[in-house]
Amino acid sequence: MSQSDNDDIWPLFCDEATEALEDLARVVERFAASETLGDAWALERALRILHNIKGAARVAGSEGVEVVAHGLEEALGAYRQEGTPIAEVVMRLRDGIGLISRFLGGDTPLDAARVFAASSEPVTVSEPTVSSDLAPTSDTLPAKPGAPASASTTFTVRVEASRLDDLMHFAEEFLVAQGRRHVRHAELEQCLLDLSQIERAASGELRAALGEATRRLDALVEANRQDVQRAGHLVRDWSAAVKRARMLPLAGVVPQWRRTVAETAHAVGREARLVADVGDIEVDRQILDGLRDPMMHLLRNAVDHGIEPPDVRERQGKPRMGTIRVRARAPGMMVELEVSDDGRGLDAAEIGRRAVERGLLSPDRLARMNATETAEIVFFAGFSTAPSISHVSGRGMGLDIVKQRLSELGGHVRIAEPTMAGGTFRMEVPATVVSTKALLVRTARTAYALPTAYVARAFRVASSEVQVVDGVAAVPDAEGEPLRLRWLSALMQEPRQTDAAKLLVVALSDGATRLGVVVDEVLGEVESVAKGLPWNVPRIPGIAGAMILGSGVLAVVLDVPRLLDVARGRQGERTETVHAAEAMKKRRILVVDDSLTSRTLERNILDAAGYEVDTANDGEAAWQALQGGAYDLVVSDVQMPRLNGVELTQRIRAHPKLKSLPVILVTSLDRPTDLAQGSAAGADEYIVKGRFDQRKLLEAVARLI
């Protein structure tokens with residue numbers, strides 16, 4: 001693949017590689033510092049950066065960058081294995097950084113890279129070079145070699161992602177503040193109305209005084225209305241500008257999707273190509289990052305499970321090469337992505353049979369499911385139709401991850417009607433994360449927000465029209481079909497009020513499943529900032545996060561895909577039975593601490609509370625224990641020899657079978673950066689020893705298991 005074949009990703013590659021070189025330059029300086037000679041962290045970080053640059057260069061078709069990066073990897077490998085003098089390694093790294101920068105600028109021949117890789121001497125080229133060790137200092141992206149210059153070139157300023165995140169945070173705060181301004185203005189108008197009524201009831205001098213006060217207040221209210229209106233325009237324009245700044249084209253990641261298809265096809269002995277139609281659709285950077293894993297899993301599954309071997313396709317009268325299509329469209333605030341293939345399709349009957357064999361659901365439950373519901377069993381955790389485990393498939397994690405990640409993004413995935421002529425998965429995600437439009441409803445004393453992307457309509461229906469269909473309450477919808485009902489108060493485990501003569505129903509739909517949710521009141525549509533649950537709060541079924549309304553009230557944002565799962569009966573009899581059986585078992589906890597005193601204290605506290613407790617004196621010993629035994633929770637210190645608590649947590653989160661294991665970090669480190677490090681590693685709770693008491697520990701354990 002040549003560089004000319006990748007016109008659409010060359011600027012993206014230059015941007016990514018330039019940032020990576022800046023990071024590498026900082027690591028090299030740490031690597032070279034006298035007080036950190038041979039710094040293991042710096043060595044591993046440098047190798048990881050070079051590996052990423054090399055992989056990106058291969059995708060972009062830049063052989064020169066790939067060759068230089070590989071040569072630098074070998075230099076670091078020689079240092080680690082053979083003890084090359086540190087000064088020589090640092091010099092070679094600096095030379096390599098400068099050479100890669102020149103390749104990004106397009107002013108270096110390929111032979112220079114080959115000479116660099118074959119020799120330990122610095123490379124001198126006859127063409128003009130960039131004076132800096134890093135990329136060109138211009139604010140523009142390096143132009144692709146051979147691209148015509150233009151007098152009207154658009155200048156692009158590279159901005160750190162964290163700064164865009166800061167701007168988004170400010171935009172979120174402005175939206176919330178604007179909501180408060182609207183509420184306060186409404187209160188002022190009510191005060192004016194009340195004062196006017198008092199004025200009309202008064203007489204004499206009091207009425208005259210009240211009249212003057214009313215006129216002055218009326219002028220202030222009108223001025224405030226104009227200010228609120230102008231502020232609203234500014235906030236909307238500011239939010240829109242932030243959204244645009246964070247938006248990236250879907251077309252920029254299509255080459256990565258093509259490479260995933262090609263590599264998977266090669267690994268499993270298939271012939272497949274990707275055809276993408278994404279137009280000029282743009283999505284938020286955070287959404288695009290979140291889509292990476294779901295798209296990878298869907299594309300790999302399409303090749304491995306969908307596309308047949310070439311000889312089989314020929315016997316079926318199909319082309320030897322299978323086709324995988326990705327289509328995108330952007331109706332409203334959501335982006336729809338469809339991944340389909342022309343392979344063997346989804347056999348709903350076979351999927352159902354495998355699910356019953358593995359005990360994922362009962363034969364009776366399967367008999368009540370239609371073909372689409374049966375096909376969507378593939379989203380169950382642990383389900384796989386692969387006959388054996390390979391590096392591509394068979395572990396039953398891929399599609400479960402797809403569903404989970406999309407739900408975290410505020411989206412969902414569903415399967416089109418299954419056929420034997422190819423499979424189709426349809427995803428829907430928000431285009432942006434700055435604000436959320438939602439229908440605000442109330443049940444009992446709680447306000448709930450339902451994202452409008454899932455709201456079909458709201459209507460009232462007489463209680464007498466409620467029917468029972470397949471043992472579930474239902475009412476006729478607009479087309480006369482039964483719409484299954486759930487009372488939101490019951491779903492949220494709140495006290496259910498006595499039903500009135502008419503029920504207020506909000507119809508929800510994701511395109512495949514419909515559900516009617518009975519609420520007490522519809523409060524109207526709002527646009528605000530939805531925040532996810534804090535990192536140390538376990539995910540609550542049915543709740544995606546919360547948003548602050550202008551009145552200061554906290555509204556609970558519902559996880560509508562999860563509610564629709566309940567409507568589809570995806571929780572199943574087996575899940576409930578398993579949970580009931582697990583509740584009868586004595587929970588087993590692993591306590592990890594290199595301090596005998598702390599280890600014994602925590603073990604005694606947990607043992608007295610009725611838990612079964614094992615201990616380990618450092619992270620490495622704990623890791624070995626986790627390989628050989630089943631635990632319900634880990635309580636770990638952070639600062640330990642061999643393997644610290646953060647590293648242990650990272651290992652747990654990366655392990656297929658242990659990734660959901662709750663982890664509590666107990667440490668004396670209490671700086672915000674320490675807590676952030678624990679959160680980034682995936683810890684569920686962070687308890688500071690200086691404020692440690694057994695009540696906090698026991699409460700945290702009870703929340704998590």
# chains A, B, ... in the order shown; residues from 1 in each chain; ligands from 1
$ residues_around --residues "Leu193 of chain A" --least-positions-apart "6" --cutoff "10 Å" --atoms "only C-alpha atoms" --output "list of chain:residue names"
A:Glu187, A:Glu199, A:Thr214, A:Asp218
$ write_last_selection --atoms "C-alpha atoms" --output "PDB file, in the first residue's frame"
ATOM      1  CA  GLU A 187     -40.383  33.509  39.345  1.00  0.00           C
ATOM      2  CA  GLU A 199     -52.352  46.792  43.589  1.00  0.00           C
ATOM      3  CA  THR A 214     -45.368  47.603  39.730  1.00  0.00           C
ATOM      4  CA  ASP A 218     -42.422  45.506  35.058  1.00  0.00           C
TER       5      ASP A 218
END
$ select_by_dssp --residues "segment 253-365 of chain A" --states "strand (DSSP E)" --output "list in words"
Ala272, Arg273, Leu274, Val275, Ala276, Asp277, Glu282, Val283, Asp284, Gly322, Thr323, Ile324, Arg325, Val326, Arg327, Ala328, Arg329, Met334, Val335, Glu336, Leu337, Glu338, Val339, Ser340 and Asp341 of chain A
$ write_last_selection --atoms "N, CA and C atoms" --output "short mmCIF file (atom, residue, chain, number, x, y, z; two decimals), in the first residue's frame"
data_model
loop_
_atom_site.label_atom_id
_atom_site.label_comp_id
_atom_site.auth_asym_id
_atom_site.auth_seq_id
_atom_site.Cartn_x
_atom_site.Cartn_y
_atom_site.Cartn_z
N ALA A 272 -12.48 -11.05 1.88
CA ALA A 272 -13.52 -10.08 2.21
C ALA A 272 -13.05 -8.67 1.92
N ARG A 273 -13.98 -7.81 1.59
CA ARG A 273 -13.70 -6.40 1.36
C ARG A 273 -14.74 -5.57 2.10
N LEU A 274 -14.37 -4.32 2.40
CA LEU A 274 -15.27 -3.40 3.09
C LEU A 274 -15.71 -2.31 2.12
N VAL A 275 -17.00 -2.08 2.04
CA VAL A 275 -17.56 -0.98 1.27
C VAL A 275 -18.23 -0.05 2.26
N ALA A 276 -17.77 1.19 2.34
CA ALA A 276 -18.29 2.14 3.34
C ALA A 276 -18.97 3.32 2.66
N ASP A 277 -20.12 3.68 3.17
CA ASP A 277 -20.84 4.86 2.70
C ASP A 277 -21.22 5.68 3.94
N GLU A 282 -20.18 13.78 10.74
CA GLU A 282 -19.19 14.00 11.79
C GLU A 282 -19.81 13.65 13.14
N VAL A 283 -18.97 13.15 14.04
CA VAL A 283 -19.42 12.84 15.40
C VAL A 283 -18.40 13.39 16.39
N ASP A 284 -18.82 13.51 17.62
CA ASP A 284 -17.94 14.00 18.68
C ASP A 284 -16.75 13.05 18.85
N GLY A 322 -16.25 -12.01 -0.17
CA GLY A 322 -17.44 -11.50 0.49
C GLY A 322 -17.38 -9.99 0.65
N THR A 323 -18.53 -9.38 0.83
CA THR A 323 -18.63 -7.93 0.98
C THR A 323 -19.26 -7.57 2.31
N ILE A 324 -18.61 -6.69 3.02
CA ILE A 324 -19.15 -6.14 4.27
C ILE A 324 -19.41 -4.66 4.02
N ARG A 325 -20.62 -4.22 4.33
CA ARG A 325 -21.00 -2.84 4.06
C ARG A 325 -21.24 -2.09 5.37
N VAL A 326 -20.76 -0.86 5.42
CA VAL A 326 -21.04 0.04 6.53
C VAL A 326 -21.73 1.27 5.96
N ARG A 327 -22.93 1.52 6.42
CA ARG A 327 -23.69 2.70 5.99
C ARG A 327 -23.95 3.57 7.20
N ALA A 328 -23.95 4.87 7.00
CA ALA A 328 -24.21 5.81 8.09
C ALA A 328 -25.17 6.89 7.62
N ARG A 329 -26.03 7.30 8.52
CA ARG A 329 -26.91 8.44 8.28
C ARG A 329 -27.10 9.17 9.60
N MET A 334 -29.00 12.01 16.44
CA MET A 334 -28.41 10.68 16.53
C MET A 334 -27.75 10.31 15.21
N VAL A 335 -26.77 9.42 15.30
CA VAL A 335 -26.09 8.87 14.12
C VAL A 335 -26.40 7.39 14.06
N GLU A 336 -26.90 6.93 12.91
CA GLU A 336 -27.21 5.52 12.72
C GLU A 336 -26.12 4.87 11.88
N LEU A 337 -25.61 3.76 12.35
CA LEU A 337 -24.58 3.00 11.64
C LEU A 337 -25.11 1.59 11.41
N GLU A 338 -25.00 1.13 10.18
CA GLU A 338 -25.47 -0.21 9.83
C GLU A 338 -24.30 -1.02 9.29
N VAL A 339 -24.05 -2.18 9.89
CA VAL A 339 -22.99 -3.09 9.45
C VAL A 339 -23.66 -4.37 8.94
N SER A 340 -23.48 -4.67 7.66
CA SER A 340 -24.11 -5.84 7.07
C SER A 340 -23.10 -6.62 6.24
N ASP A 341 -23.41 -7.88 5.98
CA ASP A 341 -22.53 -8.71 5.14
C ASP A 341 -23.40 -9.59 4.25
#
$ closest_residue --among "A:Leu192, A:Ala453, A:Ala201, A:Ala265" --to "Leu508 of chain A" --atoms "only C-alpha atoms"
A:Ala453
$ residues_around --residues "segment 39-55 of chain A" --least-positions-apart "3" --cutoff "12 Å" --atoms "only C-alpha atoms" --output "PyMOL selection string"
chain A and resi 13-36+58-80+86+89-90+93-94+96-97+100-101+104+256+259
$ atom_distance --atom1 "atom CA of Asp280 of chain A" --atom2 "atom CA of Val413 of chain A"
22.1 Å
$ atom_distance --atom1 "atom CA of Thr615 of chain A" --atom2 "atom CA of Leu675 of chain A"
23.7 Å
$ decode --residues "segment 200-250 of chain A" --atoms "N, CA and C atoms" --output "PDB file, in the first residue's frame"
ATOM      1  N   ARG A 200     -54.430  46.103  42.500  1.00  0.00           N
ATOM      2  CA  ARG A 200     -55.833  46.268  42.131  1.00  0.00           C
ATOM      3  C   ARG A 200     -56.758  46.208  43.351  1.00  0.00           C
ATOM      4  N   ALA A 201     -56.350  45.446  44.366  1.00  0.00           N
ATOM      5  CA  ALA A 201     -57.182  45.320  45.568  1.00  0.00           C
ATOM      6  C   ALA A 201     -56.982  46.479  46.538  1.00  0.00           C
ATOM      7  N   ALA A 202     -55.919  47.263  46.362  1.00  0.00           N
ATOM      8  CA  ALA A 202     -55.626  48.367  47.279  1.00  0.00           C
ATOM      9  C   ALA A 202     -56.374  49.626  46.847  1.00  0.00           C
ATOM     10  N   SER A 203     -56.224  50.668  47.670  1.00  0.00           N
ATOM     11  CA  SER A 203     -56.895  51.938  47.352  1.00  0.00           C
ATOM     12  C   SER A 203     -56.075  53.105  47.894  1.00  0.00           C
ATOM     13  N   GLY A 204     -56.375  54.269  47.398  1.00  0.00           N
ATOM     14  CA  GLY A 204     -55.740  55.482  47.899  1.00  0.00           C
ATOM     15  C   GLY A 204     -54.254  55.553  47.609  1.00  0.00           C
ATOM     16  N   GLU A 205     -53.510  56.091  48.581  1.00  0.00           N
ATOM     17  CA  GLU A 205     -52.068  56.278  48.423  1.00  0.00           C
ATOM     18  C   GLU A 205     -51.329  54.947  48.283  1.00  0.00           C
ATOM     19  N   LEU A 206     -51.829  53.925  48.996  1.00  0.00           N
ATOM     20  CA  LEU A 206     -51.179  52.610  48.898  1.00  0.00           C
ATOM     21  C   LEU A 206     -51.245  52.085  47.470  1.00  0.00           C
ATOM     22  N   ARG A 207     -52.407  52.286  46.816  1.00  0.00           N
ATOM     23  CA  ARG A 207     -52.540  51.820  45.438  1.00  0.00           C
ATOM     24  C   ARG A 207     -51.601  52.579  44.506  1.00  0.00           C
ATOM     25  N   ALA A 208     -51.485  53.877  44.736  1.00  0.00           N
ATOM     26  CA  ALA A 208     -50.588  54.674  43.897  1.00  0.00           C
ATOM     27  C   ALA A 208     -49.141  54.224  44.063  1.00  0.00           C
ATOM     28  N   ALA A 209     -48.728  53.961  45.337  1.00  0.00           N
ATOM     29  CA  ALA A 209     -47.355  53.507  45.589  1.00  0.00           C
ATOM     30  C   ALA A 209     -47.104  52.145  44.968  1.00  0.00           C
ATOM     31  N   LEU A 210     -48.110  51.275  45.118  1.00  0.00           N
ATOM     32  CA  LEU A 210     -47.952  49.940  44.531  1.00  0.00           C
ATOM     33  C   LEU A 210     -47.909  50.015  43.006  1.00  0.00           C
ATOM     34  N   GLY A 211     -48.679  50.978  42.447  1.00  0.00           N
ATOM     35  CA  GLY A 211     -48.667  51.138  40.992  1.00  0.00           C
ATOM     36  C   GLY A 211     -47.294  51.547  40.492  1.00  0.00           C
ATOM     37  N   GLU A 212     -46.657  52.474  41.202  1.00  0.00           N
ATOM     38  CA  GLU A 212     -45.314  52.894  40.815  1.00  0.00           C
ATOM     39  C   GLU A 212     -44.322  51.740  40.923  1.00  0.00           C
ATOM     40  N   ALA A 213     -44.427  50.977  42.045  1.00  0.00           N
ATOM     41  CA  ALA A 213     -43.523  49.818  42.223  1.00  0.00           C
ATOM     42  C   ALA A 213     -43.765  48.772  41.143  1.00  0.00           C
ATOM     43  N   THR A 214     -45.039  48.592  40.763  1.00  0.00           N
ATOM     44  CA  THR A 214     -45.368  47.603  39.730  1.00  0.00           C
ATOM     45  C   THR A 214     -44.777  48.007  38.389  1.00  0.00           C
ATOM     46  N   ARG A 215     -44.868  49.304  38.045  1.00  0.00           N
ATOM     47  CA  ARG A 215     -44.311  49.760  36.771  1.00  0.00           C
ATOM     48  C   ARG A 215     -42.794  49.591  36.740  1.00  0.00           C
ATOM     49  N   ARG A 216     -42.148  49.919  37.847  1.00  0.00           N
ATOM     50  CA  ARG A 216     -40.686  49.749  37.896  1.00  0.00           C
ATOM     51  C   ARG A 216     -40.307  48.279  37.789  1.00  0.00           C
ATOM     52  N   LEU A 217     -41.043  47.422  38.515  1.00  0.00           N
ATOM     53  CA  LEU A 217     -40.754  45.989  38.448  1.00  0.00           C
ATOM     54  C   LEU A 217     -41.035  45.434  37.056  1.00  0.00           C
ATOM     55  N   ASP A 218     -42.096  45.954  36.411  1.00  0.00           N
ATOM     56  CA  ASP A 218     -42.422  45.506  35.058  1.00  0.00           C
ATOM     57  C   ASP A 218     -41.282  45.833  34.100  1.00  0.00           C
ATOM     58  N   ALA A 219     -40.692  47.037  34.250  1.00  0.00           N
ATOM     59  CA  ALA A 219     -39.562  47.414  33.390  1.00  0.00           C
ATOM     60  C   ALA A 219     -38.353  46.517  33.635  1.00  0.00           C
ATOM     61  N   LEU A 220     -38.116  46.204  34.920  1.00  0.00           N
ATOM     62  CA  LEU A 220     -36.992  45.325  35.241  1.00  0.00           C
ATOM     63  C   LEU A 220     -37.216  43.912  34.706  1.00  0.00           C
ATOM     64  N   VAL A 221     -38.453  43.431  34.812  1.00  0.00           N
ATOM     65  CA  VAL A 221     -38.757  42.084  34.308  1.00  0.00           C
ATOM     66  C   VAL A 221     -38.565  42.029  32.798  1.00  0.00           C
ATOM     67  N   GLU A 222     -39.010  43.070  32.095  1.00  0.00           N
ATOM     68  CA  GLU A 222     -38.846  43.096  30.642  1.00  0.00           C
ATOM     69  C   GLU A 222     -37.363  43.143  30.264  1.00  0.00           C
ATOM     70  N   ALA A 223     -36.564  43.957  30.976  1.00  0.00           N
ATOM     71  CA  ALA A 223     -35.122  44.017  30.701  1.00  0.00           C
ATOM     72  C   ALA A 223     -34.469  42.666  30.977  1.00  0.00           C
ATOM     73  N   ASN A 224     -34.914  42.039  32.063  1.00  0.00           N
ATOM     74  CA  ASN A 224     -34.353  40.731  32.390  1.00  0.00           C
ATOM     75  C   ASN A 224     -34.734  39.699  31.337  1.00  0.00           C
ATOM     76  N   ARG A 225     -35.974  39.799  30.824  1.00  0.00           N
ATOM     77  CA  ARG A 225     -36.395  38.864  29.768  1.00  0.00           C
ATOM     78  C   ARG A 225     -35.497  38.987  28.549  1.00  0.00           C
ATOM     79  N   GLN A 226     -35.182  40.220  28.171  1.00  0.00           N
ATOM     80  CA  GLN A 226     -34.308  40.427  27.012  1.00  0.00           C
ATOM     81  C   GLN A 226     -32.899  39.891  27.284  1.00  0.00           C
ATOM     82  N   ASP A 227     -32.414  40.113  28.521  1.00  0.00           N
ATOM     83  CA  ASP A 227     -31.082  39.593  28.877  1.00  0.00           C
ATOM     84  C   ASP A 227     -31.061  38.066  28.826  1.00  0.00           C
ATOM     85  N   VAL A 228     -32.102  37.446  29.361  1.00  0.00           N
ATOM     86  CA  VAL A 228     -32.172  35.989  29.341  1.00  0.00           C
ATOM     87  C   VAL A 228     -32.223  35.478  27.912  1.00  0.00           C
ATOM     88  N   GLN A 229     -32.981  36.184  27.073  1.00  0.00           N
ATOM     89  CA  GLN A 229     -33.095  35.782  25.673  1.00  0.00           C
ATOM     90  C   GLN A 229     -31.751  35.899  24.959  1.00  0.00           C
ATOM     91  N   ARG A 230     -31.059  37.037  25.167  1.00  0.00           N
ATOM     92  CA  ARG A 230     -29.741  37.215  24.540  1.00  0.00           C
ATOM     93  C   ARG A 230     -28.741  36.180  25.060  1.00  0.00           C
ATOM     94  N   ALA A 231     -28.779  35.947  26.390  1.00  0.00           N
ATOM     95  CA  ALA A 231     -27.873  34.938  26.966  1.00  0.00           C
ATOM     96  C   ALA A 231     -28.165  33.562  26.388  1.00  0.00           C
ATOM     97  N   GLY A 232     -29.448  33.284  26.142  1.00  0.00           N
ATOM     98  CA  GLY A 232     -29.809  31.998  25.551  1.00  0.00           C
ATOM     99  C   GLY A 232     -29.202  31.816  24.171  1.00  0.00           C
ATOM    100  N   HIS A 233     -29.259  32.899  23.360  1.00  0.00           N
ATOM    101  CA  HIS A 233     -28.649  32.828  22.028  1.00  0.00           C
ATOM    102  C   HIS A 233     -27.140  32.597  22.138  1.00  0.00           C
ATOM    103  N   LEU A 234     -26.493  33.313  23.062  1.00  0.00           N
ATOM    104  CA  LEU A 234     -25.047  33.165  23.229  1.00  0.00           C
ATOM    105  C   LEU A 234     -24.683  31.746  23.681  1.00  0.00           C
ATOM    106  N   VAL A 235     -25.452  31.222  24.636  1.00  0.00           N
ATOM    107  CA  VAL A 235     -25.171  29.870  25.135  1.00  0.00           C
ATOM    108  C   VAL A 235     -25.345  28.845  24.023  1.00  0.00           C
ATOM    109  N   ARG A 236     -26.422  28.992  23.232  1.00  0.00           N
ATOM    110  CA  ARG A 236     -26.632  28.051  22.131  1.00  0.00           C
ATOM    111  C   ARG A 236     -25.511  28.140  21.104  1.00  0.00           C
ATOM    112  N   ASP A 237     -25.089  29.397  20.779  1.00  0.00           N
ATOM    113  CA  ASP A 237     -23.999  29.568  19.807  1.00  0.00           C
ATOM    114  C   ASP A 237     -22.688  28.998  20.362  1.00  0.00           C
ATOM    115  N   TRP A 238     -22.434  29.230  21.658  1.00  0.00           N
ATOM    116  CA  TRP A 238     -21.221  28.724  22.291  1.00  0.00           C
ATOM    117  C   TRP A 238     -21.217  27.204  22.293  1.00  0.00           C
ATOM    118  N   SER A 239     -22.339  26.602  22.662  1.00  0.00           N
ATOM    119  CA  SER A 239     -22.431  25.143  22.680  1.00  0.00           C
ATOM    120  C   SER A 239     -22.243  24.572  21.285  1.00  0.00           C
ATOM    121  N   ALA A 240     -22.853  25.222  20.296  1.00  0.00           N
ATOM    122  CA  ALA A 240     -22.714  24.745  18.917  1.00  0.00           C
ATOM    123  C   ALA A 240     -21.266  24.833  18.455  1.00  0.00           C
ATOM    124  N   ALA A 241     -20.574  25.928  18.841  1.00  0.00           N
ATOM    125  CA  ALA A 241     -19.168  26.081  18.449  1.00  0.00           C
ATOM    126  C   ALA A 241     -18.296  25.010  19.094  1.00  0.00           C
ATOM    127  N   VAL A 242     -18.561  24.711  20.366  1.00  0.00           N
ATOM    128  CA  VAL A 242     -17.796  23.663  21.045  1.00  0.00           C
ATOM    129  C   VAL A 242     -18.052  22.312  20.388  1.00  0.00           C
ATOM    130  N   LYS A 243     -19.316  22.061  20.054  1.00  0.00           N
ATOM    131  CA  LYS A 243     -19.643  20.803  19.380  1.00  0.00           C
ATOM    132  C   LYS A 243     -18.871  20.674  18.074  1.00  0.00           C
ATOM    133  N   ARG A 244     -18.867  21.770  17.281  1.00  0.00           N
ATOM    134  CA  ARG A 244     -18.158  21.720  15.996  1.00  0.00           C
ATOM    135  C   ARG A 244     -16.669  21.484  16.189  1.00  0.00           C
ATOM    136  N   ALA A 245     -16.092  22.103  17.230  1.00  0.00           N
ATOM    137  CA  ALA A 245     -14.656  21.958  17.471  1.00  0.00           C
ATOM    138  C   ALA A 245     -14.292  20.520  17.828  1.00  0.00           C
ATOM    139  N   ARG A 246     -15.229  19.807  18.445  1.00  0.00           N
ATOM    140  CA  ARG A 246     -14.959  18.439  18.883  1.00  0.00           C
ATOM    141  C   ARG A 246     -15.337  17.398  17.833  1.00  0.00           C
ATOM    142  N   MET A 247     -15.958  17.830  16.738  1.00  0.00           N
ATOM    143  CA  MET A 247     -16.460  16.874  15.754  1.00  0.00           C
ATOM    144  C   MET A 247     -15.355  16.388  14.827  1.00  0.00           C
ATOM    145  N   LEU A 248     -15.390  15.100  14.526  1.00  0.00           N
ATOM    146  CA  LEU A 248     -14.438  14.493  13.598  1.00  0.00           C
ATOM    147  C   LEU A 248     -15.225  13.685  12.561  1.00  0.00           C
ATOM    148  N   PRO A 249     -14.715  13.615  11.322  1.00  0.00           N
ATOM    149  CA  PRO A 249     -15.449  12.891  10.272  1.00  0.00           C
ATOM    150  C   PRO A 249     -15.352  11.376  10.450  1.00  0.00           C
ATOM    151  N   LEU A 250     -16.468  10.702  10.242  1.00  0.00           N
ATOM    152  CA  LEU A 250     -16.441   9.236  10.244  1.00  0.00           C
ATOM    153  C   LEU A 250     -15.523   8.698   9.152  1.00  0.00           C
TER     154      LEU A 250
END
